[in-house]
file query_35.csv (CSV, C-alpha atoms)
chain,number,residue,atom,x,y,z
R,1,MET,CA,-24.0,6.5,-21.4
R,2,SER,CA,-24.3,4.8,-18.0
R,3,GLU,CA,-22.5,1.8,-16.7
R,4,THR,CA,-23.0,-0.7,-13.9
R,5,VAL,CA,-20.2,-0.7,-11.4
R,6,ARG,CA,-19.5,-1.6,-7.7
R,7,TYR,CA,-18.7,0.9,-5.0
R,8,THR,CA,-17.0,-0.7,-2.0
R,9,TYR,CA,-16.9,0.8,1.5
R,10,ARG,CA,-15.5,-0.3,4.8
R,11,LEU,CA,-17.9,-1.4,7.5
R,12,ARG,CA,-17.5,-1.0,11.3
R,13,PRO,CA,-19.7,-3.7,12.8
R,14,GLY,CA,-20.0,-4.0,16.6
R,15,ARG,CA,-19.6,-7.3,18.4
R,16,GLN,CA,-23.3,-8.2,18.2
R,17,ALA,CA,-23.6,-7.2,14.6
R,18,GLU,CA,-20.5,-9.2,13.7
R,19,GLY,CA,-21.9,-12.2,15.5
R,20,ALA,CA,-25.2,-11.9,13.6
R,21,LEU,CA,-23.3,-11.7,10.3
R,22,LEU,CA,-21.3,-14.8,11.1
R,23,ALA,CA,-24.4,-16.7,12.2
R,24,GLU,CA,-26.1,-15.7,8.9
R,25,TRP,CA,-23.0,-16.9,7.0
R,26,GLY,CA,-23.1,-20.2,8.8
R,27,ARG,CA,-26.7,-20.8,7.5
R,28,CYS,CA,-25.7,-19.8,3.9
R,29,ARG,CA,-22.6,-21.9,4.0
R,30,TRP,CA,-24.7,-24.9,5.1
R,31,LEU,CA,-27.1,-24.3,2.1
R,32,TRP,CA,-24.1,-24.1,-0.3
R,33,ASN,CA,-22.7,-27.4,1.0
R,34,GLU,CA,-26.1,-29.0,0.7
R,35,ALA,CA,-26.3,-27.9,-2.9
R,36,VAL,CA,-22.9,-29.4,-3.5
R,37,HIS,CA,-24.1,-32.7,-2.0
R,38,GLN,CA,-27.1,-32.6,-4.3
R,39,GLN,CA,-24.8,-32.2,-7.3
R,40,ARG,CA,-22.4,-35.0,-6.3
R,41,THR,CA,-25.2,-37.5,-5.7
R,42,GLY,CA,-26.4,-37.0,-9.3
R,43,ARG,CA,-29.7,-35.1,-8.5
R,44,LYS,CA,-28.8,-32.3,-11.0
R,45,PRO,CA,-29.9,-29.3,-8.8
R,46,THR,CA,-31.2,-26.3,-10.7
R,47,PHE,CA,-32.1,-23.0,-9.0
R,48,GLY,CA,-35.8,-23.9,-9.1
R,49,LYS,CA,-35.2,-27.3,-7.4
R,50,LEU,CA,-32.9,-25.6,-4.8
R,51,SER,CA,-35.5,-22.9,-4.1
R,52,LYS,CA,-38.1,-25.6,-3.4
R,53,LEU,CA,-35.7,-27.5,-1.1
R,54,LEU,CA,-35.0,-24.2,0.7
R,55,THR,CA,-38.7,-23.7,1.4
R,56,GLU,CA,-39.0,-27.3,2.8
R,57,ALA,CA,-35.8,-26.9,4.9
R,58,ARG,CA,-37.0,-23.6,6.4
R,59,GLY,CA,-40.3,-25.3,7.3
R,60,ARG,CA,-38.5,-28.1,9.1
R,61,ASN,CA,-35.7,-26.1,10.8
R,62,ALA,CA,-36.3,-23.2,13.1
R,63,TRP,CA,-32.6,-22.2,13.1
R,64,LEU,CA,-32.8,-21.7,9.3
R,65,ARG,CA,-36.0,-19.6,9.6
R,66,ASP,CA,-34.1,-17.3,11.9
R,67,GLY,CA,-32.0,-16.1,9.0
R,68,SER,CA,-32.7,-13.9,6.1
R,69,GLN,CA,-34.5,-15.7,3.2
R,70,VAL,CA,-33.1,-13.1,0.8
R,71,ALA,CA,-29.5,-14.0,1.7
R,72,GLN,CA,-30.2,-17.7,1.5
R,73,GLN,CA,-31.9,-17.4,-1.9
R,74,GLN,CA,-29.0,-15.4,-3.2
R,75,THR,CA,-26.5,-18.0,-2.0
R,76,LEU,CA,-28.4,-20.7,-4.0
R,77,ARG,CA,-28.6,-18.4,-7.0
R,78,THR,CA,-24.8,-17.8,-6.8
R,79,TYR,CA,-24.3,-21.6,-6.6
R,80,ALA,CA,-26.5,-22.2,-9.6
R,81,THR,CA,-24.5,-19.6,-11.6
R,82,ALA,CA,-21.2,-21.2,-10.6
R,83,LEU,CA,-22.5,-24.6,-11.5
R,84,ASP,CA,-23.6,-23.4,-14.9
R,85,HIS,CA,-20.3,-21.7,-15.6
R,86,SER,CA,-18.5,-24.9,-14.8
R,87,PHE,CA,-20.1,-26.4,-17.9
R,88,THR,CA,-19.8,-23.4,-20.2
R,89,VAL,CA,-16.6,-21.5,-19.2
R,90,LYS,CA,-13.3,-23.2,-19.9
R,91,GLY,CA,-11.2,-23.8,-16.9
R,92,ARG,CA,-14.0,-23.6,-14.3
R,93,SER,CA,-14.4,-26.5,-12.0
R,94,ARG,CA,-17.5,-27.7,-10.2
R,95,PRO,CA,-18.4,-25.8,-7.0
R,96,LYS,CA,-16.7,-27.2,-3.9
R,97,VAL,CA,-17.6,-27.5,-0.3
R,98,LYS,CA,-17.0,-24.4,1.8
R,99,ARG,CA,-15.1,-25.3,4.9
R,100,LYS,CA,-15.5,-23.2,8.0
R,101,LYS,CA,-11.8,-22.7,8.5
R,102,ASP,CA,-11.1,-21.8,4.9
R,103,ALA,CA,-14.1,-20.0,3.4
R,104,LEU,CA,-14.4,-16.2,4.1
R,105,PRO,CA,-17.9,-14.9,4.9
R,106,SER,CA,-19.8,-13.4,2.0
R,107,LEU,CA,-23.5,-12.4,2.0
R,108,GLU,CA,-25.6,-10.9,-0.8
R,109,TYR,CA,-28.8,-9.0,-0.4
R,110,THR,CA,-31.1,-7.5,-3.0
R,111,THR,CA,-33.3,-4.4,-2.4
R,112,ARG,CA,-35.8,-6.5,-0.4
R,113,GLY,CA,-33.1,-7.4,2.1
R,114,PHE,CA,-31.3,-4.1,3.0
R,115,ARG,CA,-31.8,-0.4,3.2
R,116,LEU,CA,-29.7,2.6,4.0
R,117,LYS,CA,-30.8,4.9,6.9
R,118,ASP,CA,-28.8,7.7,8.5
R,119,GLY,CA,-25.6,6.5,6.9
R,120,ARG,CA,-26.0,3.0,8.3
R,121,LEU,CA,-26.6,-0.3,6.5
R,122,CYS,CA,-29.7,-2.0,7.9
R,123,LEU,CA,-29.9,-5.8,7.3
R,124,PRO,CA,-32.5,-8.4,8.3
R,125,GLY,CA,-32.6,-9.4,11.9
R,126,LYS,CA,-32.3,-5.8,13.2
R,127,VAL,CA,-28.6,-5.8,12.2
R,128,THR,CA,-27.3,-2.2,11.8
R,129,VAL,CA,-23.8,-1.6,10.7
R,130,PRO,CA,-22.0,1.8,10.3
R,131,VAL,CA,-20.5,2.5,6.9
R,132,VAL,CA,-17.4,4.5,6.3
R,133,TRP,CA,-18.6,6.7,3.4
R,134,SER,CA,-15.4,7.5,1.6
R,135,ARG,CA,-17.4,8.9,-1.4
R,136,ASP,CA,-21.0,9.4,-2.3
R,137,LEU,CA,-23.1,6.8,-4.1
R,138,PRO,CA,-24.0,7.9,-7.7
R,139,SER,CA,-27.4,6.3,-7.5
R,140,ASP,CA,-29.6,4.0,-5.3
R,141,PRO,CA,-27.9,0.6,-5.1
R,142,THR,CA,-29.7,-2.4,-6.5
R,143,SER,CA,-27.9,-5.0,-4.4
R,144,VAL,CA,-25.1,-5.2,-1.8
R,145,ARG,CA,-22.5,-7.8,-1.0
R,146,VAL,CA,-21.2,-7.9,2.6
R,147,TYR,CA,-18.0,-9.8,3.1
R,148,ARG,CA,-14.9,-10.1,5.3
R,149,ASP,CA,-11.4,-10.3,4.1
R,150,SER,CA,-8.4,-12.3,5.4
R,151,LEU,CA,-7.6,-9.5,7.9
R,152,GLY,CA,-11.0,-9.6,9.5
R,153,HIS,CA,-12.1,-6.4,8.0
R,154,TRP,CA,-15.7,-6.1,6.8
R,155,TYR,CA,-16.8,-4.4,3.5
R,156,ALA,CA,-20.0,-3.6,1.7
R,157,SER,CA,-19.9,-3.6,-2.1
R,158,PHE,CA,-22.9,-1.8,-3.6
R,159,VAL,CA,-24.0,-2.3,-7.3
R,160,VAL,CA,-25.0,1.1,-8.7
R,161,ARG,CA,-25.4,2.8,-12.0
R,162,ARG,CA,-23.3,5.8,-12.9
R,163,GLU,CA,-22.6,8.0,-15.9
R,164,GLN,CA,-19.6,6.7,-17.8
R,165,PRO,CA,-16.7,9.1,-17.6
R,166,GLU,CA,-15.6,10.6,-20.8
R,167,THR,CA,-12.5,9.0,-22.4
R,168,PRO,CA,-10.2,11.2,-24.4
R,169,GLU,CA,-9.8,10.5,-28.1
R,170,ALA,CA,-7.0,8.1,-28.8
R,171,ASP,CA,-4.0,9.8,-30.5
R,172,LEU,CA,-2.0,6.6,-31.3
R,173,PRO,CA,-3.1,3.7,-33.6
R,174,GLY,CA,-2.1,0.6,-31.7
R,175,ILE,CA,0.2,-1.0,-29.1
R,176,GLY,CA,1.5,-4.5,-28.5
R,177,VAL,CA,2.0,-5.8,-25.0
R,178,ASP,CA,4.4,-8.7,-24.1
R,179,TRP,CA,4.4,-10.0,-20.6
R,180,GLY,CA,7.6,-10.7,-18.6
R,181,VAL,CA,9.1,-11.0,-15.2
R,182,LYS,CA,12.0,-8.5,-15.2
R,183,THR,CA,9.8,-5.9,-16.9
R,184,THR,CA,6.1,-6.8,-16.2
R,185,ALA,CA,4.8,-5.4,-19.5
R,186,THR,CA,7.0,-4.5,-22.5
R,187,THR,CA,5.2,-2.6,-25.2
R,188,THR,CA,6.0,-1.4,-28.7
R,189,ASN,CA,6.5,2.1,-27.3
R,190,PRO,CA,9.0,2.2,-24.4
R,191,VAL,CA,7.0,5.1,-22.9
R,192,PHE,CA,4.2,2.8,-22.0
R,193,ASP,CA,6.3,0.0,-20.4
R,194,LEU,CA,5.3,-1.3,-16.9
R,195,LEU,CA,8.4,-1.8,-14.9
R,196,HIS,CA,8.7,-4.5,-12.2
R,197,LEU,CA,8.5,-2.5,-9.0
R,198,GLY,CA,9.0,-5.4,-6.6
R,199,HIS,CA,6.4,-4.4,-3.9
R,200,ARG,CA,6.5,-7.9,-2.4
R,201,LYS,CA,10.3,-8.0,-2.4
R,202,ARG,CA,10.4,-4.8,-0.4
R,203,CYS,CA,8.0,-6.4,2.2
R,204,ALA,CA,9.9,-9.7,2.2
R,205,ALA,CA,12.0,-9.0,5.3
R,206,GLU,CA,9.0,-7.8,7.4
R,207,LEU,CA,6.9,-10.7,6.2
R,208,ALA,CA,9.7,-13.2,7.0
R,209,LYS,CA,9.8,-11.7,10.6
R,210,ALA,CA,6.1,-12.2,11.0
R,211,GLN,CA,6.3,-15.8,9.7
R,212,ARG,CA,9.1,-16.6,12.1
R,213,ARG,CA,6.9,-15.3,15.0
R,214,MET,CA,4.1,-17.6,13.7
R,215,ALA,CA,6.5,-20.6,13.7
R,216,ARG,CA,7.7,-20.0,17.2
R,217,ARG,CA,4.2,-19.6,18.6
R,218,ARG,CA,2.6,-22.4,16.7
R,219,ARG,CA,1.0,-25.0,19.1
R,220,PRO,CA,0.8,-28.8,18.4
R,221,LYS,CA,-1.9,-30.1,16.2
R,222,GLY,CA,-5.2,-30.4,18.0
R,223,HIS,CA,-4.6,-27.4,20.3
R,224,ALA,CA,-6.3,-24.1,19.9
R,225,PRO,CA,-3.9,-21.4,18.5
R,226,SER,CA,-2.6,-18.9,21.0
R,227,LYS,CA,-3.3,-15.2,20.9
R,228,GLY,CA,0.3,-14.4,19.9
R,229,TYR,CA,0.1,-16.8,17.0
R,230,LEU,CA,-3.1,-15.2,15.7
R,231,ASP,CA,-1.6,-11.7,16.1
R,232,ALA,CA,1.5,-12.8,14.1
R,233,LYS,CA,-0.7,-14.4,11.4
R,234,ARG,CA,-2.8,-11.3,11.1
R,235,GLN,CA,0.4,-9.2,10.8
R,236,ALA,CA,1.7,-11.4,8.0
R,237,ALA,CA,-1.6,-11.2,6.1
R,238,ARG,CA,-1.6,-7.4,6.5
R,239,ILE,CA,1.9,-7.2,4.9
R,240,ALA,CA,1.0,-9.5,2.0
R,241,LYS,CA,-2.2,-7.6,1.3
R,242,LYS,CA,-0.4,-4.2,1.4
R,243,ALA,CA,1.9,-5.4,-1.4
R,244,ALA,CA,-1.1,-6.8,-3.4
R,245,ARG,CA,-2.9,-3.5,-3.2
R,246,GLN,CA,0.2,-1.7,-4.4
R,247,ASN,CA,0.4,-4.0,-7.4
R,248,THR,CA,-3.3,-3.5,-8.1
R,249,HIS,CA,-2.9,0.3,-8.0
R,250,ASP,CA,0.0,0.3,-10.3
R,251,ALA,CA,-1.8,-2.0,-12.8
R,252,ARG,CA,-4.9,0.3,-12.8
R,253,VAL,CA,-2.8,3.5,-13.4
R,254,TRP,CA,-0.9,1.8,-16.2
R,255,ALA,CA,-4.0,0.3,-17.9
R,256,LYS,CA,-5.6,3.7,-17.9
R,257,LYS,CA,-2.6,5.3,-19.5
R,258,VAL,CA,-2.4,2.7,-22.2
R,259,THR,CA,-6.2,2.7,-23.1
R,260,ASN,CA,-6.4,6.4,-23.1
R,261,HIS,CA,-3.9,6.8,-26.0
R,262,HIS,CA,-4.5,3.7,-28.2
R,263,VAL,CA,-7.3,2.5,-30.5
R,264,LEU,CA,-6.0,-1.1,-30.8
R,265,ILE,CA,-4.5,-3.0,-27.9
R,266,ALA,CA,-2.8,-6.3,-28.8
R,267,VAL,CA,-2.3,-8.3,-25.6
R,268,GLU,CA,-0.3,-11.5,-25.3
R,269,ASP,CA,-2.7,-14.2,-24.1
R,270,PHE,CA,-0.2,-15.4,-21.5
R,271,LYS,CA,-1.1,-17.8,-18.8
R,272,PRO,CA,1.3,-17.2,-15.8
R,273,GLY,CA,0.0,-20.1,-13.7
R,274,PHE,CA,2.8,-22.5,-14.8
R,275,LEU,CA,5.5,-20.0,-13.4
R,276,GLY,CA,4.4,-21.0,-9.9
R,277,LYS,CA,6.2,-24.4,-10.5
R,278,THR,CA,9.5,-22.9,-11.6
R,279,ARG,CA,12.4,-21.1,-9.9
R,280,MET,CA,10.8,-17.8,-10.9
R,281,ALA,CA,7.7,-18.4,-8.8
R,282,ARG,CA,8.4,-15.7,-6.2
R,283,LYS,CA,9.4,-13.1,-8.7
R,284,ALA,CA,6.5,-14.0,-11.0
R,285,ALA,CA,4.1,-13.6,-8.1
R,286,ASP,CA,5.6,-10.2,-7.3
R,287,ALA,CA,5.1,-9.1,-10.9
R,288,ALA,CA,1.4,-9.9,-10.7
R,289,ILE,CA,1.1,-10.5,-14.5
R,290,GLY,CA,-2.4,-12.0,-14.2
R,291,ALA,CA,-3.8,-9.0,-12.3
R,292,CYS,CA,-2.2,-6.5,-14.8
R,293,LYS,CA,-3.7,-8.5,-17.8
R,294,ARG,CA,-7.2,-8.5,-16.3
R,295,GLU,CA,-7.0,-4.7,-15.5
R,296,LEU,CA,-5.9,-3.9,-19.1
R,297,ILE,CA,-8.6,-6.1,-20.7
R,298,GLU,CA,-11.4,-4.8,-18.5
R,299,ARG,CA,-10.3,-1.2,-18.8
R,300,GLY,CA,-10.1,-1.5,-22.6
R,301,ARG,CA,-13.5,-3.1,-22.8
R,302,ARG,CA,-15.1,-0.4,-20.6
R,303,VAL,CA,-13.8,2.6,-22.6
R,304,GLY,CA,-14.6,1.0,-26.0
R,305,ARG,CA,-11.1,0.1,-27.3
R,306,ARG,CA,-10.4,-2.9,-29.5
R,307,VAL,CA,-8.6,-5.5,-27.4
R,308,VAL,CA,-7.1,-8.5,-29.2
R,309,LEU,CA,-5.7,-11.5,-27.4
R,310,VAL,CA,-2.8,-13.0,-29.4
R,311,PRO,CA,-1.6,-16.5,-28.7
R,312,PRO,CA,2.0,-16.4,-27.3
R,313,ALA,CA,3.3,-19.2,-29.6
R,314,TYR,CA,6.4,-18.2,-31.7
R,315,THR,CA,6.1,-14.5,-30.8
R,316,THR,CA,9.6,-14.5,-29.3
R,317,MET,CA,11.1,-16.5,-32.2
R,318,THR,CA,9.6,-14.3,-35.0
R,319,CYS,CA,11.5,-11.4,-36.4
R,320,SER,CA,9.5,-8.1,-36.2
R,321,ALA,CA,11.5,-6.7,-39.2
R,322,CYS,CA,11.1,-9.4,-41.9
R,323,GLY,CA,8.7,-11.9,-40.3
R,324,GLU,CA,11.1,-14.9,-40.5
R,325,ARG,CA,10.9,-17.4,-37.7
R,326,ALA,CA,14.1,-18.7,-35.9
R,327,ASN,CA,14.8,-22.4,-36.1
R,328,LEU,CA,15.7,-22.8,-32.4
R,329,ARG,CA,13.9,-21.5,-29.3
R,330,LEU,CA,15.6,-18.7,-27.4
R,331,GLY,CA,16.7,-19.5,-23.9
R,332,LEU,CA,15.6,-17.2,-21.1
R,333,GLY,CA,19.2,-16.1,-20.7
R,334,VAL,CA,19.3,-14.7,-24.3
R,335,ARG,CA,17.9,-11.1,-24.0
R,336,ILE,CA,18.8,-9.9,-27.5
R,337,PHE,CA,17.0,-11.2,-30.6
R,338,GLU,CA,19.1,-11.5,-33.7
R,339,CYS,CA,17.5,-12.5,-37.0
R,340,ALA,CA,19.6,-14.8,-39.1
R,341,ALA,CA,17.7,-13.8,-42.3
R,342,CYS,CA,17.9,-10.0,-42.3
R,343,GLY,CA,20.3,-9.3,-39.4
R,344,HIS,CA,17.8,-7.3,-37.4
R,345,THR,CA,18.7,-6.9,-33.7
R,346,ALA,CA,16.4,-5.8,-31.0
R,347,CYS,CA,15.5,-6.4,-27.4
R,348,ARG,CA,13.9,-9.8,-27.0
R,349,ASP,CA,10.7,-8.6,-25.4
R,350,ARG,CA,10.4,-5.5,-27.6
R,351,ASN,CA,10.6,-7.7,-30.7
R,352,ALA,CA,7.9,-9.9,-29.3
R,353,ALA,CA,5.6,-7.0,-28.6
R,354,ARG,CA,6.0,-5.7,-32.1
R,355,THR,CA,5.2,-9.2,-33.5
R,356,ILE,CA,2.1,-9.4,-31.3
R,357,LEU,CA,0.9,-6.1,-32.6
R,358,ALA,CA,1.6,-7.2,-36.2
R,359,THR,CA,-0.4,-10.4,-35.6
R,360,ALA,CA,-3.4,-8.4,-34.4
R,361,GLU,CA,-3.2,-6.0,-37.3
R,362,ARG,CA,-2.8,-8.5,-40.1
R,363,ARG,CA,-5.9,-10.7,-39.3
R,364,ARG,CA,-6.2,-12.7,-42.4
R,365,ALA,CA,-3.5,-11.1,-44.5
R,366,SER,CA,-1.3,-12.9,-46.9
R,367,ALA,CA,2.4,-13.6,-46.2
R,368,ASP,CA,3.5,-10.6,-48.2
R,369,ASP,CA,1.1,-8.3,-46.3
R,370,VAL,CA,2.3,-9.7,-43.0
R,371,ARG,CA,5.9,-8.9,-43.8
R,372,HIS,CA,5.0,-5.4,-44.9
R,373,LEU,CA,3.1,-4.8,-41.7
R,374,ILE,CA,5.8,-6.2,-39.5
R,375,ALA,CA,8.4,-4.1,-41.2
R,376,SER,CA,6.4,-1.0,-40.5
R,377,PHE,CA,7.0,-1.5,-36.7
R,378,ARG,CA,10.8,-1.3,-37.0
R,379,ASP,CA,10.7,2.4,-35.9
R,380,GLY,CA,8.5,1.9,-32.9
R,381,GLY,CA,5.1,1.7,-34.6
R,382,SER,CA,5.2,5.0,-36.5
R,383,GLY,CA,4.1,3.3,-39.7
R,384,ALA,CA,1.4,1.1,-38.2
R,385,VAL,CA,-1.8,0.8,-40.1
R,386,ARG,CA,-4.5,2.9,-38.5
R,387,ALA,CA,-7.9,1.6,-37.5
R,388,GLY,CA,-10.5,1.9,-40.1
R,389,ASN,CA,-7.9,1.6,-42.9
R,390,PRO,CA,-6.5,-1.9,-42.5
R,391,GLY,CA,-5.1,-2.1,-46.0
R,392,PRO,CA,-5.6,-4.7,-48.8
R,393,GLY,CA,-6.6,-8.2,-47.7
R,394,LEU,CA,-7.0,-7.3,-44.1
R,395,GLY,CA,-10.6,-8.4,-43.5
R,396,GLY,CA,-12.3,-10.6,-40.9
R,397,LYS,CA,-12.0,-10.6,-37.1
R,398,PRO,CA,-8.9,-11.7,-35.2
R,399,PRO,CA,-9.2,-14.7,-32.8
R,400,GLY,CA,-9.9,-13.7,-29.2
R,401,PHE,CA,-11.5,-10.4,-30.2
R,402,ILE,CA,-13.3,-8.7,-27.4
R,403,ARG,CA,-16.1,-6.3,-28.3
R,404,GLY,CA,-16.0,-3.0,-26.5
R,405,ASN,CA,-18.7,-0.4,-26.0
R,406,ARG,CA,-18.6,1.5,-29.3
call {"tool": "encode", "arguments": {"input": "query_35.csv", "output": "structure tokens"}}
result
Amino acid sequence: MSETVRYTYRLRPGRQAEGALLAEWGRCRWLWNEAVHQQRTGRKPTFGKLSKLLTEARGRNAWLRDGSQVAQQQTLRTYATALDHSFTVKGRSRPKVKRKKDALPSLEYTTRGFRLKDGRLCLPGKVTVPVVWSRDLPSDPTSVRVYRDSLGHWYASFVVRREQPETPEADLPGIGVDWGVKTTATTTNPVFDLLHLGHRKRCAAELAKAQRRMARRRRPKGHAPSKGYLDAKRQAARIAKKAARQNTHDARVWAKKVTNHHVLIAVEDFKPGFLGKTRMARKAADAAIGACKRELIERGRRVGRRVVLVPPAYTTMTCSACGERANLRLGLGVRIFECAACGHTACRDRNAARTILATAERRRASADDVRHLIASFRDGGSGAVRAGNPGPGLGGKPPGFIRGNR
């Protein structure tokens, strides 16, 4: 079975090639902003209407004709997709104007707009960019995205087809995942916990030093930034990105470990955005809960596991031994859960993880079946109901069920 993936490589553009890429990005950014204006004025732009306007604009403006029509069409196609998602995907807002000082360059080309020759990426306008081939492409790419990150480094992301690597057979029935700050991911089995490694905390002193250099060399408003200020800003961005990459690597390794061993993965559908407004904002950002959650769900979907998103409501207040719910909410300072009904005592996060797994397992079970399932997780999930034998009354599909490739 094959899958569509992206292979990303570093680019080494010269001064002329970088200038040509930035000029092309300026044209595409103008088209994007024009499409945003069309939407805000109530003209309801579709991709067909925007393509017609592009043809007219290229006929009137010579500077627009100097650019690649493929990249410009792809920009409008991307805008049309973003606009459509703003109506259909919950939480997506309308596309906004891309400002020159904020938006990072990003260009997309289809097979009509690029080719690979002698290890170099050839783009329209006689732009040739060397590619750092860290690995071989598994097939001929169908499209490429050329972009620049916050450090000023250029990358090329190729869309290719490859044979899906074989995934080992799962030897465990299911696992529940509860998100936290002290321990990023607490599971029903302590072996699969993801500890908070604190990559950003280790870089805090070096980052603060770079930020103090920025503050000392900042010029008054209206004056061009000095070279020293730009160097300090680049150094601060490099430190921050290093910590982010370490978090991403740890999340991928952990997600692979979890998905390789479990048939069912019950994930707490936790939204960490609100933590940015609390006293735990810095530590929550260091934990990178959102990135770990995305990696786990994406990895589970790719390898064909059953991934169930469980609402976080009452998972901390529910006993994993008897299923009774506490009358009062547990404060963050209370780290041990004690059930008043049966006297069960467990780690607060471990109890929540077992409750999450029981919620995913029970589906539409009755109250007695739920208590029976929850009680089976008391010993770390050894008595969990296996996939394919859900037990009496356990039919239907759980809310938030994500289909994998079976």
call {"tool": "closest_residue", "arguments": {"input": "query_35.csv", "among": "R:Leu11, R:Ala340, R:Ile265, R:Ile356", "to": "His153 in chain R", "atoms": "only C-alpha atoms"}}
result
R:Leu11
call {"tool": "atom_distance", "arguments": {"input": "query_35.csv", "atom1": "CA of Ile336 in chain R", "atom2": "CA of Met317 in chain R"}}
result
11.2 Å
call {"tool": "residues_around", "arguments": {"input": "query_35.csv", "residues": "range 295-298 of chain R", "least_positions_apart": "6", "cutoff": "9 Å", "atoms": "all atoms listed in the file", "output": "list in words"}}
result
Thr248, Ala251, Arg252, Trp254, Ala255, Lys256, Val258, Thr259, Ile265, Val267, Val307, Val308 and Ile402 of chain R
call {"tool": "residues_around", "arguments": {"input": "query_35.csv", "residues": "Cys347 in chain R", "least_positions_apart": "6", "cutoff": "9 Å", "atoms": "only C-alpha atoms", "output": "PyMOL selection string"}}
result
chain R and resi 335-338
call {"tool": "atom_distance", "arguments": {"input": "query_35.csv", "atom1": "CA of Ser150 in chain R", "atom2": "CA of Thr8 in chain R"}}
result
16.2 Å
call {"tool": "closest_residue", "arguments": {"input": "query_35.csv", "among": "R:Thr41, R:Asn247, R:Gln211, R:Gln235", "to": "Leu194 in chain R", "atoms": "all atoms listed in the file"}}
result
R:Asn247
call {"tool": "residues_around", "arguments": {"input": "query_35.csv", "residues": "Gln72 in chain R", "least_positions_apart": "3", "cutoff": "12 Å", "atoms": "all atoms listed in the file", "output": "PyMOL selection string"}}
result
chain R and resi 24-32+35+47+50-51+53-55+57-58+64-69+75-79+106-110+113+124
call {"tool": "write_last_selection", "arguments": {"input": "query_35.csv", "atoms": "C-alpha atoms", "output": "PDB file, keeping the file's coordinate frame"}}
result
ATOM      1  CA  GLU R  24     -26.100 -15.700   8.900  1.00  0.00           C
ATOM      2  CA  TRP R  25     -23.000 -16.900   7.000  1.00  0.00           C
ATOM      3  CA  GLY R  26     -23.100 -20.200   8.800  1.00  0.00           C
ATOM      4  CA  ARG R  27     -26.700 -20.800   7.500  1.00  0.00           C
ATOM      5  CA  CYS R  28     -25.700 -19.800   3.900  1.00  0.00           C
ATOM      6  CA  ARG R  29     -22.600 -21.900   4.000  1.00  0.00           C
ATOM      7  CA  TRP R  30     -24.700 -24.900   5.100  1.00  0.00           C
ATOM      8  CA  LEU R  31     -27.100 -24.300   2.100  1.00  0.00           C
ATOM      9  CA  TRP R  32     -24.100 -24.100  -0.300  1.00  0.00           C
ATOM     10  CA  ALA R  35     -26.300 -27.900  -2.900  1.00  0.00           C
ATOM     11  CA  PHE R  47     -32.100 -23.000  -9.000  1.00  0.00           C
ATOM     12  CA  LEU R  50     -32.900 -25.600  -4.800  1.00  0.00           C
ATOM     13  CA  SER R  51     -35.500 -22.900  -4.100  1.00  0.00           C
ATOM     14  CA  LEU R  53     -35.700 -27.500  -1.100  1.00  0.00           C
ATOM     15  CA  LEU R  54     -35.000 -24.200   0.700  1.00  0.00           C
ATOM     16  CA  THR R  55     -38.700 -23.700   1.400  1.00  0.00           C
ATOM     17  CA  ALA R  57     -35.800 -26.900   4.900  1.00  0.00           C
ATOM     18  CA  ARG R  58     -37.000 -23.600   6.400  1.00  0.00           C
ATOM     19  CA  LEU R  64     -32.800 -21.700   9.300  1.00  0.00           C
ATOM     20  CA  ARG R  65     -36.000 -19.600   9.600  1.00  0.00           C
ATOM     21  CA  ASP R  66     -34.100 -17.300  11.900  1.00  0.00           C
ATOM     22  CA  GLY R  67     -32.000 -16.100   9.000  1.00  0.00           C
ATOM     23  CA  SER R  68     -32.700 -13.900   6.100  1.00  0.00           C
ATOM     24  CA  GLN R  69     -34.500 -15.700   3.200  1.00  0.00           C
ATOM     25  CA  THR R  75     -26.500 -18.000  -2.000  1.00  0.00           C
ATOM     26  CA  LEU R  76     -28.400 -20.700  -4.000  1.00  0.00           C
ATOM     27  CA  ARG R  77     -28.600 -18.400  -7.000  1.00  0.00           C
ATOM     28  CA  THR R  78     -24.800 -17.800  -6.800  1.00  0.00           C
ATOM     29  CA  TYR R  79     -24.300 -21.600  -6.600  1.00  0.00           C
ATOM     30  CA  SER R 106     -19.800 -13.400   2.000  1.00  0.00           C
ATOM     31  CA  LEU R 107     -23.500 -12.400   2.000  1.00  0.00           C
ATOM     32  CA  GLU R 108     -25.600 -10.900  -0.800  1.00  0.00           C
ATOM     33  CA  TYR R 109     -28.800  -9.000  -0.400  1.00  0.00           C
ATOM     34  CA  THR R 110     -31.100  -7.500  -3.000  1.00  0.00           C
ATOM     35  CA  GLY R 113     -33.100  -7.400   2.100  1.00  0.00           C
ATOM     36  CA  PRO R 124     -32.500  -8.400   8.300  1.00  0.00           C
TER      37      PRO R 124
END
call {"tool": "atom_distance", "arguments": {"input": "query_35.csv", "atom1": "CA of Gly152 in chain R", "atom2": "CA of Ala224 in chain R"}}
result
18.5 Å
call {"tool": "residues_around", "arguments": {"input": "query_35.csv", "residues": "Val263 in chain R", "least_positions_apart": "2", "cutoff": "9 Å", "atoms": "only C-alpha atoms", "output": "ChimeraX atom specification"}}
result
/R:169-175,259-261,265,304-307,386-387
